[in-house]
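Data file: input-v6.tsv. Format and content: TSV, C-alpha atoms and all ligand atoms.
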chain	number	residue	atom	x	y	z
A	10	MET	CA	8.20	3.43	-45.91
A	11	GLY	CA	11.50	3.81	-47.74
A	12	GLY	CA	14.81	2.97	-46.01
A	13	ASP	CA	15.14	1.53	-42.53
A	14	PRO	CA	12.03	2.12	-40.46
A	15	PRO	CA	12.63	4.25	-37.35
A	16	ARG	CA	12.96	2.51	-33.98
A	17	PHE	CA	10.74	3.99	-31.27
A	18	LEU	CA	10.80	3.90	-27.50
A	19	VAL	CA	7.50	3.67	-25.63
A	20	VAL	CA	7.74	4.25	-21.90
A	21	GLY	CA	5.01	2.46	-19.96
A	22	ALA	CA	3.27	-0.83	-20.74
A	23	GLY	CA	-0.24	0.32	-19.87
A	24	LEU	CA	-3.10	0.40	-22.35
A	25	SER	CA	-1.99	3.65	-24.06
A	26	GLY	CA	1.63	2.57	-24.52
A	27	ALA	CA	0.67	-0.93	-25.63
A	28	VAL	CA	-1.84	0.21	-28.26
A	29	LEU	CA	0.54	2.81	-29.65
A	30	ALA	CA	3.45	0.34	-29.77
A	31	ARG	CA	1.27	-2.27	-31.46
A	32	GLN	CA	0.15	0.08	-34.22
A	33	LEU	CA	3.68	1.25	-34.88
A	34	ALA	CA	5.01	-2.32	-34.82
A	35	GLU	CA	2.36	-3.57	-37.23
A	36	SER	CA	3.42	-0.88	-39.69
A	37	GLY	CA	6.97	-2.15	-39.56
A	38	CYS	CA	8.47	0.20	-36.96
A	39	PRO	CA	10.35	-1.65	-34.22
A	40	CYS	CA	9.50	-0.51	-30.68
A	41	ASP	CA	11.17	-0.94	-27.34
A	42	VAL	CA	8.69	-0.74	-24.47
A	43	TYR	CA	10.14	0.05	-21.04
A	44	GLU	CA	8.02	-0.66	-18.01
A	45	ASP	CA	9.41	-0.07	-14.56
A	46	HIS	CA	7.00	-2.48	-12.90
A	47	PRO	CA	7.65	-6.20	-13.33
A	48	TYR	CA	4.28	-6.56	-15.09
A	49	ALA	CA	2.30	-5.00	-17.95
A	50	GLY	CA	-1.17	-3.50	-17.63
A	51	GLY	CA	-0.61	-0.11	-16.00
A	52	HIS	CA	-3.68	1.23	-14.26
A	53	CYS	CA	-5.88	-1.67	-15.41
A	54	TYR	CA	-3.47	-4.30	-14.06
A	55	THR	CA	-5.27	-7.50	-13.05
A	56	LYS	CA	-3.88	-10.51	-11.22
A	57	ARG	CA	-5.35	-13.76	-9.94
A	58	ASP	CA	-5.37	-13.95	-6.16
A	59	ALA	CA	-3.00	-16.76	-5.13
A	60	GLU	CA	-5.34	-18.03	-2.40
A	61	THR	CA	-8.75	-17.97	-4.10
A	62	GLY	CA	-7.86	-17.90	-7.80
A	63	ILE	CA	-10.18	-14.91	-8.26
A	64	MET	CA	-9.16	-12.35	-10.89
A	65	VAL	CA	-8.57	-9.11	-8.99
A	66	HIS	CA	-8.65	-5.60	-10.46
A	67	ARG	CA	-5.58	-4.61	-8.46
A	68	HIS	CA	-5.83	-0.86	-9.08
A	69	GLY	CA	-9.60	-0.58	-8.68
A	70	PRO	CA	-12.64	-1.63	-10.68
A	71	HIS	CA	-12.46	-1.39	-14.49
A	72	THR	CA	-15.06	-1.96	-17.19
A	73	LEU	CA	-14.44	-1.60	-20.88
A	74	HIS	CA	-17.28	0.45	-22.38
A	75	THR	CA	-17.63	2.31	-25.65
A	76	ASP	CA	-19.98	3.18	-28.51
A	77	ASP	CA	-17.10	3.05	-30.96
A	78	GLU	CA	-17.21	-0.18	-32.94
A	79	ALA	CA	-13.63	0.33	-34.11
A	80	ILE	CA	-12.40	0.30	-30.50
A	81	TRP	CA	-14.40	-2.82	-29.78
A	82	ALA	CA	-13.07	-4.54	-32.90
A	83	PHE	CA	-9.54	-3.58	-31.88
A	84	VAL	CA	-9.76	-5.16	-28.40
A	85	GLU	CA	-11.57	-8.22	-29.70
A	86	ARG	CA	-8.49	-9.02	-31.77
A	87	PHE	CA	-6.65	-9.72	-28.55
A	88	ALA	CA	-9.18	-11.11	-26.09
A	89	THR	CA	-12.62	-12.61	-25.81
A	90	ILE	CA	-14.69	-9.83	-24.31
A	91	TRP	CA	-17.48	-11.18	-22.13
A	92	PRO	CA	-20.62	-9.01	-22.43
A	93	TYR	CA	-21.01	-7.49	-19.01
A	94	LYS	CA	-23.36	-5.05	-17.32
A	95	HIS	CA	-21.80	-3.06	-14.50
A	96	LEU	CA	-24.18	-3.12	-11.56
A	97	LYS	CA	-23.37	-0.78	-8.76
A	98	ARG	CA	-25.14	0.04	-5.54
A	99	ALA	CA	-24.80	3.07	-3.29
A	100	HIS	CA	-24.90	3.08	0.49
A	101	THR	CA	-25.98	6.27	2.23
A	102	GLY	CA	-27.82	7.12	5.46
A	103	GLY	CA	-27.78	3.44	6.45
A	104	GLU	CA	-29.60	2.20	3.31
A	105	PHE	CA	-28.62	0.61	0.02
A	106	PHE	CA	-29.82	2.24	-3.20
A	107	VAL	CA	-29.45	1.65	-6.91
A	108	SER	CA	-26.56	3.61	-8.44
A	109	PRO	CA	-26.45	5.64	-10.65
A	110	ILE	CA	-29.51	7.51	-9.40
A	111	ASN	CA	-32.54	6.17	-11.29
A	112	LEU	CA	-36.31	6.02	-10.77
A	113	GLN	CA	-35.87	3.26	-8.17
A	114	THR	CA	-33.35	5.37	-6.27
A	115	ILE	CA	-35.55	8.48	-6.38
A	116	ASN	CA	-38.66	6.64	-5.18
A	117	GLN	CA	-36.79	4.88	-2.38
A	118	PHE	CA	-35.04	8.08	-1.33
A	119	TYR	CA	-38.17	10.25	-1.25
A	120	ARG	CA	-40.48	7.39	-0.11
A	121	THR	CA	-42.62	7.98	-3.19
A	122	ALA	CA	-44.05	5.85	-6.01
A	123	LEU	CA	-43.66	8.28	-8.87
A	124	GLY	CA	-43.58	7.65	-12.60
A	125	PRO	CA	-40.80	9.04	-14.80
A	126	ASP	CA	-42.41	12.43	-15.52
A	127	GLU	CA	-43.41	13.08	-11.93
A	128	ALA	CA	-39.94	12.08	-10.70
A	129	ARG	CA	-38.32	14.37	-13.23
A	130	ALA	CA	-40.58	17.21	-12.04
A	131	LEU	CA	-39.74	16.50	-8.39
A	132	VAL	CA	-35.99	16.53	-9.04
A	133	ALA	CA	-36.35	19.67	-11.17
A	134	ARG	CA	-38.19	21.40	-8.29
A	135	GLU	CA	-35.40	20.42	-5.89
A	136	ALA	CA	-32.76	21.71	-8.30
A	137	ALA	CA	-34.60	24.85	-9.42
A	138	PRO	CA	-33.15	27.37	-6.90
A	139	TYR	CA	-29.60	26.27	-7.72
A	140	ALA	CA	-30.18	26.17	-11.47
A	141	ALA	CA	-31.75	29.66	-11.31
A	142	ALA	CA	-28.72	31.02	-9.44
A	143	LEU	CA	-26.34	30.03	-12.23
A	144	THR	CA	-25.33	32.85	-14.52
A	145	GLY	CA	-23.48	30.58	-16.96
A	146	PRO	CA	-22.39	26.97	-17.16
A	147	PRO	CA	-21.67	25.46	-13.71
A	148	ALA	CA	-18.21	26.49	-12.56
A	149	ASN	CA	-17.49	23.42	-10.47
A	150	PHE	CA	-18.64	19.95	-9.33
A	151	GLU	CA	-20.93	21.26	-6.57
A	152	GLU	CA	-22.67	23.83	-8.77
A	153	ALA	CA	-23.18	21.19	-11.46
A	154	GLY	CA	-24.61	18.69	-8.96
A	155	LEU	CA	-26.94	21.06	-7.13
A	156	ALA	CA	-28.29	22.54	-10.36
A	157	LEU	CA	-29.09	19.08	-11.68
A	158	ILE	CA	-30.44	17.16	-8.64
A	159	GLY	CA	-30.84	19.61	-5.75
A	160	ARG	CA	-29.45	19.59	-2.25
A	161	ARG	CA	-30.93	16.43	-0.77
A	162	LEU	CA	-29.86	13.92	-3.43
A	163	TYR	CA	-26.56	15.71	-3.88
A	164	ASP	CA	-25.70	15.59	-0.19
A	165	ALA	CA	-26.75	11.94	0.14
A	166	PHE	CA	-25.02	10.52	-2.94
A	167	TYR	CA	-22.27	12.91	-4.00
A	168	ARG	CA	-20.98	15.22	-1.33
A	169	GLY	CA	-19.51	12.72	1.15
A	170	TYR	CA	-18.17	10.34	-1.50
A	171	THR	CA	-16.51	13.18	-3.36
A	172	ILE	CA	-14.89	14.59	-0.23
A	173	LYS	CA	-13.52	11.12	0.62
A	174	GLN	CA	-12.44	10.41	-2.95
A	175	TRP	CA	-10.80	13.74	-3.74
A	176	GLY	CA	-9.94	15.06	-0.26
A	177	ILE	CA	-11.28	18.53	-1.03
A	178	GLU	CA	-14.53	20.45	-1.01
A	179	PRO	CA	-16.43	19.55	-4.20
A	180	ARG	CA	-16.59	23.20	-5.22
A	181	ASN	CA	-12.85	22.94	-5.94
A	182	LEU	CA	-13.34	20.15	-8.48
A	183	PRO	CA	-14.13	20.72	-12.16
A	184	ALA	CA	-17.80	20.40	-13.17
A	185	SER	CA	-16.81	17.75	-15.73
A	186	VAL	CA	-16.25	15.15	-12.97
A	187	PHE	CA	-19.95	15.37	-12.06
A	188	GLY	CA	-20.83	14.75	-15.70
A	189	ARG	CA	-19.26	11.26	-15.58
A	190	VAL	CA	-22.24	9.75	-13.77
A	191	PRO	CA	-25.73	9.71	-15.36
A	192	ILE	CA	-29.05	10.49	-13.62
A	193	ARG	CA	-31.97	8.44	-14.95
A	194	PHE	CA	-35.74	8.64	-14.81
A	195	ASP	CA	-36.37	5.00	-15.67
A	196	TYR	CA	-35.39	1.69	-14.10
A	197	ASN	CA	-32.20	1.23	-16.08
A	198	ASP	CA	-29.56	0.28	-13.53
A	199	ASN	CA	-26.66	-0.16	-15.94
A	200	TYR	CA	-23.86	2.07	-14.62
A	201	PHE	CA	-22.66	2.88	-18.12
A	202	LYS	CA	-24.61	4.07	-21.13
A	203	HIS	CA	-22.48	2.62	-23.92
A	204	ASN	CA	-23.67	-0.04	-26.38
A	205	ARG	CA	-20.56	-2.14	-25.89
A	206	GLN	CA	-19.62	-3.15	-22.36
A	207	GLY	CA	-17.51	-6.07	-21.32
A	208	GLN	CA	-14.74	-7.71	-19.37
A	209	PRO	CA	-11.80	-9.45	-21.06
A	210	VAL	CA	-11.75	-13.14	-20.26
A	211	GLY	CA	-8.25	-13.60	-18.84
A	212	GLY	CA	-8.14	-10.09	-17.37
A	213	TYR	CA	-6.83	-6.72	-18.51
A	214	SER	CA	-3.15	-7.54	-17.99
A	215	GLN	CA	-3.44	-10.47	-20.37
A	216	LEU	CA	-5.19	-8.21	-22.90
A	217	VAL	CA	-2.33	-5.69	-22.67
A	218	GLU	CA	0.30	-8.46	-22.86
A	219	ARG	CA	-1.32	-9.78	-26.02
A	220	ILE	CA	-1.43	-6.32	-27.58
A	221	LEU	CA	2.30	-6.12	-26.90
A	222	ASP	CA	3.00	-9.55	-28.30
A	223	HIS	CA	4.43	-8.70	-31.72
A	224	GLU	CA	7.72	-9.52	-33.43
A	225	ASN	CA	8.57	-5.81	-33.74
A	226	ILE	CA	8.02	-5.11	-30.02
A	227	ARG	CA	10.65	-5.72	-27.37
A	228	LEU	CA	9.08	-5.48	-23.92
A	229	HIS	CA	11.49	-4.68	-21.09
A	230	LEU	CA	9.73	-5.29	-17.78
A	231	GLY	CA	11.29	-3.93	-14.61
A	232	ARG	CA	13.21	-1.40	-16.74
A	233	ALA	CA	13.24	2.13	-15.38
A	234	PHE	CA	13.51	4.94	-17.92
A	235	SER	CA	15.92	7.83	-17.69
A	236	PRO	CA	15.19	10.80	-19.97
A	237	ARG	CA	18.87	11.69	-19.98
A	238	ASP	CA	20.25	8.28	-20.96
A	239	ASP	CA	17.51	6.40	-22.79
A	240	GLY	CA	16.36	8.62	-25.65
A	241	ALA	CA	19.45	8.05	-27.80
A	242	GLY	CA	19.15	5.25	-30.32
A	243	HIS	CA	15.44	5.86	-30.77
A	244	ALA	CA	13.80	8.10	-33.35
A	245	HIS	CA	11.27	9.33	-30.81
A	246	VAL	CA	10.14	8.63	-27.23
A	247	PHE	CA	6.48	8.21	-26.28
A	248	PHE	CA	6.20	8.75	-22.57
A	249	SER	CA	3.16	7.53	-20.63
A	250	GLY	CA	4.62	8.01	-17.14
A	251	PRO	CA	3.80	11.03	-14.97
A	252	LEU	CA	4.37	14.22	-17.01
A	253	ASP	CA	6.17	16.00	-14.15
A	254	SER	CA	8.51	13.05	-13.49
A	255	TYR	CA	9.90	13.31	-17.04
A	256	PHE	CA	11.21	16.75	-16.14
A	257	ASP	CA	12.47	15.79	-12.68
A	258	TRP	CA	9.62	17.78	-11.12
A	259	ARG	CA	11.41	20.99	-12.04
A	260	HIS	CA	8.29	23.17	-11.67
A	261	GLY	CA	7.02	21.33	-8.57
A	262	ARG	CA	4.85	18.26	-8.12
A	263	LEU	CA	1.53	17.85	-9.90
A	264	PRO	CA	-0.93	16.55	-7.30
A	265	TYR	CA	-2.60	13.15	-7.46
A	266	ARG	CA	-4.84	11.02	-5.31
A	267	THR	CA	-3.56	7.62	-4.41
A	268	LEU	CA	-5.55	4.53	-3.40
A	269	ARG	CA	-5.08	1.81	-0.80
A	270	PHE	CA	-6.94	-1.50	-0.92
A	271	GLU	CA	-7.69	-3.80	2.00
A	272	ASP	CA	-8.63	-7.30	0.88
A	273	GLU	CA	-10.90	-9.71	2.73
A	274	ARG	CA	-11.46	-13.31	1.66
A	275	SER	CA	-14.40	-15.49	2.59
A	276	VAL	CA	-16.77	-17.97	1.00
A	277	GLY	CA	-20.03	-17.48	-0.87
A	278	VAL	CA	-21.13	-13.97	-1.71
A	279	ARG	CA	-20.31	-10.94	0.42
A	280	GLN	CA	-22.17	-8.02	-1.11
A	281	GLY	CA	-23.88	-9.35	-4.24
A	282	CYS	CA	-22.63	-6.97	-6.93
A	283	ALA	CA	-19.30	-5.80	-8.30
A	284	VAL	CA	-19.14	-2.43	-6.53
A	285	ILE	CA	-20.91	-0.65	-3.70
A	286	ASN	CA	-20.11	3.03	-3.23
A	287	TYR	CA	-20.22	4.27	0.36
A	288	CYS	CA	-21.47	7.76	-0.24
A	289	ASP	CA	-21.57	9.36	3.20
A	290	GLU	CA	-18.81	10.08	5.66
A	291	THR	CA	-19.81	7.44	8.23
A	292	THR	CA	-17.19	5.16	6.62
A	293	SER	CA	-13.68	6.18	5.64
A	294	PHE	CA	-13.51	3.85	2.60
A	295	THR	CA	-15.09	5.05	-0.64
A	296	ARG	CA	-16.20	1.77	-2.14
A	297	VAL	CA	-16.09	-2.00	-1.82
A	298	THR	CA	-15.41	-4.23	-4.83
A	299	GLU	CA	-16.39	-7.90	-4.93
A	300	HIS	CA	-14.12	-9.01	-7.72
A	301	LYS	CA	-15.77	-12.25	-8.79
A	302	PHE	CA	-18.70	-10.25	-10.19
A	303	PHE	CA	-16.34	-8.98	-12.89
A	304	SER	CA	-15.88	-12.56	-14.10
A	305	PRO	CA	-19.43	-13.94	-14.11
A	306	TRP	CA	-18.33	-16.92	-16.24
A	307	GLU	CA	-16.17	-18.14	-13.34
A	308	LYS	CA	-18.05	-19.48	-10.35
A	309	PRO	CA	-15.61	-19.79	-7.46
A	310	GLU	CA	-16.76	-20.95	-4.02
A	311	ALA	CA	-14.59	-18.28	-2.45
A	312	THR	CA	-14.99	-14.55	-2.66
A	313	LEU	CA	-12.65	-11.59	-2.29
A	314	VAL	CA	-13.67	-8.04	-1.52
A	315	SER	CA	-11.42	-4.98	-1.56
A	316	TYR	CA	-12.13	-1.94	0.59
A	317	GLU	CA	-10.86	1.12	-1.26
A	318	TYR	CA	-9.39	4.12	0.55
A	319	SER	CA	-8.36	7.31	-1.20
A	320	SER	CA	-5.74	9.72	0.09
A	321	ASP	CA	-3.32	12.44	-0.92
A	322	TRP	CA	-0.41	11.16	-2.96
A	323	GLY	CA	3.19	11.21	-1.71
A	324	PRO	CA	6.34	10.55	-3.77
A	325	ASP	CA	6.38	6.86	-2.73
A	326	ASP	CA	2.74	6.23	-3.68
A	327	ALA	CA	1.23	5.16	-6.97
A	328	PRO	CA	-0.35	8.15	-8.76
A	329	TYR	CA	-3.94	7.10	-9.47
A	330	TYR	CA	-6.16	10.12	-10.11
A	331	PRO	CA	-4.75	13.43	-11.42
A	332	LEU	CA	-6.14	16.04	-9.03
A	333	ARG	CA	-6.89	18.76	-11.52
A	334	LEU	CA	-7.75	21.83	-9.52
A	335	THR	CA	-8.25	25.19	-11.11
A	336	LYS	CA	-5.69	26.67	-8.72
A	337	ASP	CA	-2.98	24.30	-10.02
A	338	ARG	CA	-3.55	25.19	-13.64
A	339	SER	CA	-0.45	27.39	-13.82
A	340	LEU	CA	1.73	24.48	-12.64
A	341	LEU	CA	0.24	22.25	-15.32
A	342	ASP	CA	0.64	24.99	-17.92
A	343	ALA	CA	4.32	25.25	-17.01
A	344	TYR	CA	4.78	21.53	-17.70
A	345	VAL	CA	2.80	21.70	-20.93
A	346	ALA	CA	4.98	24.58	-22.14
A	347	THR	CA	8.13	22.67	-21.19
A	348	ALA	CA	6.84	19.53	-22.91
A	349	ARG	CA	6.06	21.44	-26.08
A	350	ALA	CA	9.56	22.86	-26.14
A	351	THR	CA	11.19	19.45	-25.70
A	352	GLU	CA	12.01	17.73	-28.94
A	353	GLY	CA	12.03	14.00	-29.46
A	354	VAL	CA	9.36	13.10	-26.93
A	355	SER	CA	5.55	12.99	-26.93
A	356	PHE	CA	3.34	12.49	-23.90
A	357	ILE	CA	0.48	10.01	-23.93
A	358	GLY	CA	-2.08	8.40	-21.65
A	359	ARG	CA	-3.56	9.24	-18.27
A	360	LEU	CA	-0.30	10.12	-16.52
A	361	GLY	CA	1.56	11.55	-19.51
A	362	THR	CA	-1.21	14.04	-20.24
A	363	TYR	CA	-2.40	14.37	-16.63
A	364	ARG	CA	-6.05	13.63	-17.37
A	365	TYR	CA	-8.82	11.46	-15.88
A	366	ILE	CA	-9.56	9.20	-18.86
A	367	ASP	CA	-11.42	5.94	-19.37
A	368	MET	CA	-9.93	2.96	-21.17
A	369	ASP	CA	-11.85	3.56	-24.40
A	370	VAL	CA	-10.47	7.10	-24.53
A	371	ALA	CA	-6.93	5.81	-23.90
A	372	ILE	CA	-7.31	3.40	-26.83
A	373	THR	CA	-8.87	5.99	-29.16
A	374	GLU	CA	-6.10	8.47	-28.43
A	375	ALA	CA	-3.32	5.90	-28.82
A	376	LEU	CA	-4.74	4.81	-32.19
A	377	ALA	CA	-4.93	8.45	-33.30
A	378	ALA	CA	-1.39	9.11	-32.05
A	379	ALA	CA	-0.11	6.11	-34.00
A	380	SER	CA	-1.70	7.28	-37.22
A	381	THR	CA	-0.21	10.78	-36.76
A	382	VAL	CA	3.22	9.26	-36.20
A	383	LEU	CA	2.93	6.92	-39.16
A	384	ASP	CA	1.79	9.79	-41.41
A	385	CYS	CA	4.89	11.73	-40.34
A	386	VAL	CA	7.14	8.72	-40.91
A	387	ARG	CA	5.69	8.10	-44.37
A	388	GLY	CA	5.86	11.79	-45.27
A	389	GLY	CA	9.41	12.19	-43.89
A	390	ARG	CA	8.20	14.87	-41.44
A	391	PRO	CA	9.36	15.31	-37.83
A	392	ILE	CA	7.12	13.81	-35.20
A	393	PRO	CA	5.23	16.41	-33.14
A	394	THR	CA	6.28	16.69	-29.53
A	395	PHE	CA	2.80	16.77	-27.99
A	396	PHE	CA	-0.51	15.27	-28.95
A	397	ILE	CA	-3.16	16.02	-26.43
A	398	GLU	CA	-3.81	19.24	-24.61
A	399	PRO	CA	-4.19	18.31	-20.94
B	1	LIG	N1	-19.47	10.16	-7.42
B	1	LIG	C1	-20.12	10.32	-6.20
B	1	LIG	N2	-20.93	9.34	-5.76
B	1	LIG	C2	-21.12	8.20	-6.44
B	1	LIG	C3	-20.48	8.02	-7.68
B	1	LIG	C4	-19.64	9.02	-8.14
B	1	LIG	O1	-19.93	11.34	-5.55
B	1	LIG	O2	-21.87	7.31	-5.96
B	1	LIG	C5	-18.60	11.25	-7.91
B	1	LIG	C6	-17.20	11.18	-7.29
B	1	LIG	O3	-16.71	12.50	-7.15
B	1	LIG	C7	-16.44	10.41	-8.33
B	1	LIG	C8	-17.04	10.94	-9.63
B	1	LIG	O4	-18.43	11.15	-9.32
B	1	LIG	O5	-15.05	10.63	-8.24
B	1	LIG	C9	-16.90	10.04	-10.83
B	1	LIG	O6	-17.46	8.77	-10.54
B	1	LIG	P1	-17.00	7.44	-11.29
B	1	LIG	O7	-17.94	6.35	-10.90
B	1	LIG	O8	-16.84	7.73	-12.73
B	1	LIG	O9	-15.57	7.19	-10.61
B	1	LIG	P2	-14.35	6.20	-10.99
B	1	LIG	O10	-14.92	4.80	-11.08
B	1	LIG	O11	-13.76	6.71	-12.27
B	1	LIG	O12	-13.43	6.37	-9.82
This structure in structure tokens:
Amino acid sequence: MGGDPPRFLVVGAGLSGAVLARQLAESGCPCDVYEDHPYAGGHCYTKRDAETGIMVHRHGPHTLHTDDEAIWAFVERFATIWPYKHLKRAHTGGEFFVSPINLQTINQFYRTALGPDEARALVAREAAPYAAALTGPPANFEEAGLALIGRRLYDAFYRGYTIKQWGIEPRNLPASVFGRVPIRFDYNDNYFKHNRQGQPVGGYSQLVERILDHENIRLHLGRAFSPRDDGAGHAHVFFSGPLDSYFDWRHGRLPYRTLRFEDERSVGVRQGCAVINYCDETTSFTRVTEHKFFSPWEKPEATLVSYEYSSDWGPDDAPYYPLRLTKDRSLLDAYVATARATEGVSFIGRLGTYRYIDMDVAITEALAAASTVLDCVRGGRPIPTFFIEP
């Protein structure tokens, strides 16, 4: 890089902002990172509970999982990642089942003792009428679910949970959300399918803090960002806050779901695994997390569980899940068009691009964004205003 390297501003000290800032900083570009909360970590923020000392996933359960060795190598530079298998259970109709649906779940649910092929045939028979009715790829979550597992499993494990989680009829959700959870015809009860799965010893906030710990990065915690006042003095702004907030909600508010957690402390073990999903509508919470199962190397006497409630987001709430409904697409398109036409700023991460992304995706995209930026810097080209199509 000839001459003085450009100084960048990254808004948001979550995983996306931290990884991007780190890559730019390591290539000699100084970065200011503004974070309006008094802590780093964003959505994967973790904090030890003052009373029990248990590491709590404050914004809901997180597991790092990927097949990409480069991602794994990147995070291992900053934390010891404890190999971890995410075990989840599902509660429906008054019983506990293995989740995701596997051979154990199917046999318990149908009161059968089938092998893999017979179970696959049973589920295919249940799904056949719905699969036959499709004239193309499933248009929404409900069509995708019914065509894959049929009415009975779908109603027991997906319908109620999805209504509680998203606050809408599942036929209004994109089919891709159904695709997040596997269905298995063996006894594998690992929630995720990736080769690499783990939890950072020290928690996710510490991981993010360490990523940000570089001589070319100045982290400003508790520092709100103002698009009008703060861009000057920086060669480019990378914004990982809510896309609509950058533009003062000029086209209207993009909808989100927000979460509320109710903690309960006790001793011993409360539920026996990290997460139990409550899949029917007999409870108003969606899931219960017993946090000490995320840190199996720590063996506290105490335990802490969080009941998770999902609801519509209001302006004073934290925006957790982008609620991407087909009917809101024109609102999102309006913001994308505005973002594209705005020079000097790029939008990154879950909130900046208004997408439901996992941590490995956030890291992959931030690494890719950094290499695009650095190519532009080295080639003396302007930095593009938008990276990822929401
Ligand atoms: N889902 C469900 N029942 C389950 C698990 C998942 O209905 O037991 C649906 C629900 O709509 C959820 C989506 O599948 O929002 C994705 O699930 P995932 O476990 O990936 O949710 P996350 O942990 O990202 O909130």
Exercise. Using only C-alpha atoms and all ligand atoms, which of A:Ala22, A:Leu182, A:Val84, A:Cys38 sits nearest ligand LIG 1 (chain B)?
Worked result: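 Looking only at the distances to ligand LIG 1 (chain B), the closest residue turns out to be A:Leu182.
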Problem set entry | Closest of A:Phe187, A:Tyr363, A:Tyr48, A:Phe105 to ligand LIG 1 (chain B) - atom-to-atom distances counting all atoms listed in the file | A:Phe187
Show which residues sit within 8 Å of Thr101 of chain A, as a PDB file with C-alpha atoms, in the frame of the given file. Count only C-alpha atoms, and ignore same-chain residues fewer than 5 positions away.
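As written to disk, out-v2.pdb reads:
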ATOM      1  CA  PHE A 106     -29.820   2.240  -3.200  1.00  0.00           C
ATOM      2  CA  ALA A 165     -26.750  11.940   0.140  1.00  0.00           C
ATOM      3  CA  PHE A 166     -25.020  10.520  -2.940  1.00  0.00           C
ATOM      4  CA  TYR A 287     -20.220   4.270   0.360  1.00  0.00           C
ATOM      5  CA  CYS A 288     -21.470   7.760  -0.240  1.00  0.00           C
ATOM      6  CA  ASP A 289     -21.570   9.360   3.200  1.00  0.00           C
TER       7      ASP A 289
END
Exercise. Quick one: of A:Ser25, A:Ser380, A:Asn197, A:Asn181, who's nearest to ligand LIG 1 (chain B), counting all atoms listed in the file?
Worked result: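 The shortest atom-to-atom distance to ligand LIG 1 (chain B) comes from A:Asn181.
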Problem set entry | Within 7 Å of ligand LIG 1 (chain B), counting all atoms listed in the file, residues as an NGL selection string | :A and (70 or 99 or 108-109 or 166-171 or 174-175 or 186-187 or 189-190 or 286 or 288)
Determine, for each residue of segment 179-281 of chain A having at least one atom at most 6 Å from an atom of segment 304-327 of chain A, the closest pair of atoms and their separation in Å to one decimal, counting only C-alpha atoms; order by chain and ascending number, as a tab-separated table.
residue	atom	partner	partner_atom	distance
A:Tyr265	CA	A:Trp322	CA	5.4
A:Arg266	CA	A:Asp321	CA	4.9
A:Thr267	CA	A:Trp322	CA	5.0
A:Leu268	CA	A:Ser319	CA	4.5
A:Arg269	CA	A:Tyr318	CA	5.1
A:Phe270	CA	A:Glu317	CA	4.7
A:Glu271	CA	A:Tyr316	CA	5.0
A:Asp272	CA	A:Ser315	CA	4.4
A:Glu273	CA	A:Val314	CA	5.3
A:Arg274	CA	A:Leu313	CA	4.5
A:Ser275	CA	A:Thr312	CA	5.4
A:Val276	CA	A:Ala311	CA	4.1
A:Gly277	CA	A:Glu310	CA	5.7
Counting all atoms listed in the file, give me one row per residue of segment 156-263 of chain A with an atom at most 10 Å from an atom of segment 61-67 of chain A, showing the shortest contact pair and its distance in Å to one decimal, sorted by chain then residue number, as a Markdown table.
| residue | atom | partner | partner_atom | distance |
| --- | --- | --- | --- | --- |
| A:Val210 | CA | A:Met64 | CA | 9.8 |
| A:Gly211 | CA | A:Met64 | CA | 8.1 |
| A:Gly212 | CA | A:Met64 | CA | 6.9 |
| A:Tyr213 | CA | A:His66 | CA | 8.3 |
| A:Ser214 | CA | A:His66 | CA | 9.5 |
For this session: Write out as a PyMOL selection string which residues come within 6 Å of Ala283 of chain A when counting only C-alpha atoms, dropping same-chain ones fewer than 4 positions away.
Result: chain A and resi 298-299+302
Problem set entry | Cut-off 9 Å around (-3.6, 10.4, -23.9) with all atoms listed in the file: residues as a ChimeraX atom specification | /A:25,249,356-364,366,370-375,378,396-399
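Distances to His52 of chain A were evaluated for A:Tyr329, A:Pro391, A:Gly353, A:Gly242 using only C-alpha atoms, and the minimum falls at A:Tyr329.
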For this session: Kindly give the distance, in Å, that separates atom CA of Glu135 of chain A and atom CA of Arg160 of chain A, rounded to a single decimal.
Result: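 Value for the atom CA of Glu135 of chain A-atom CA of Arg160 of chain A distance: 7.0 Å.
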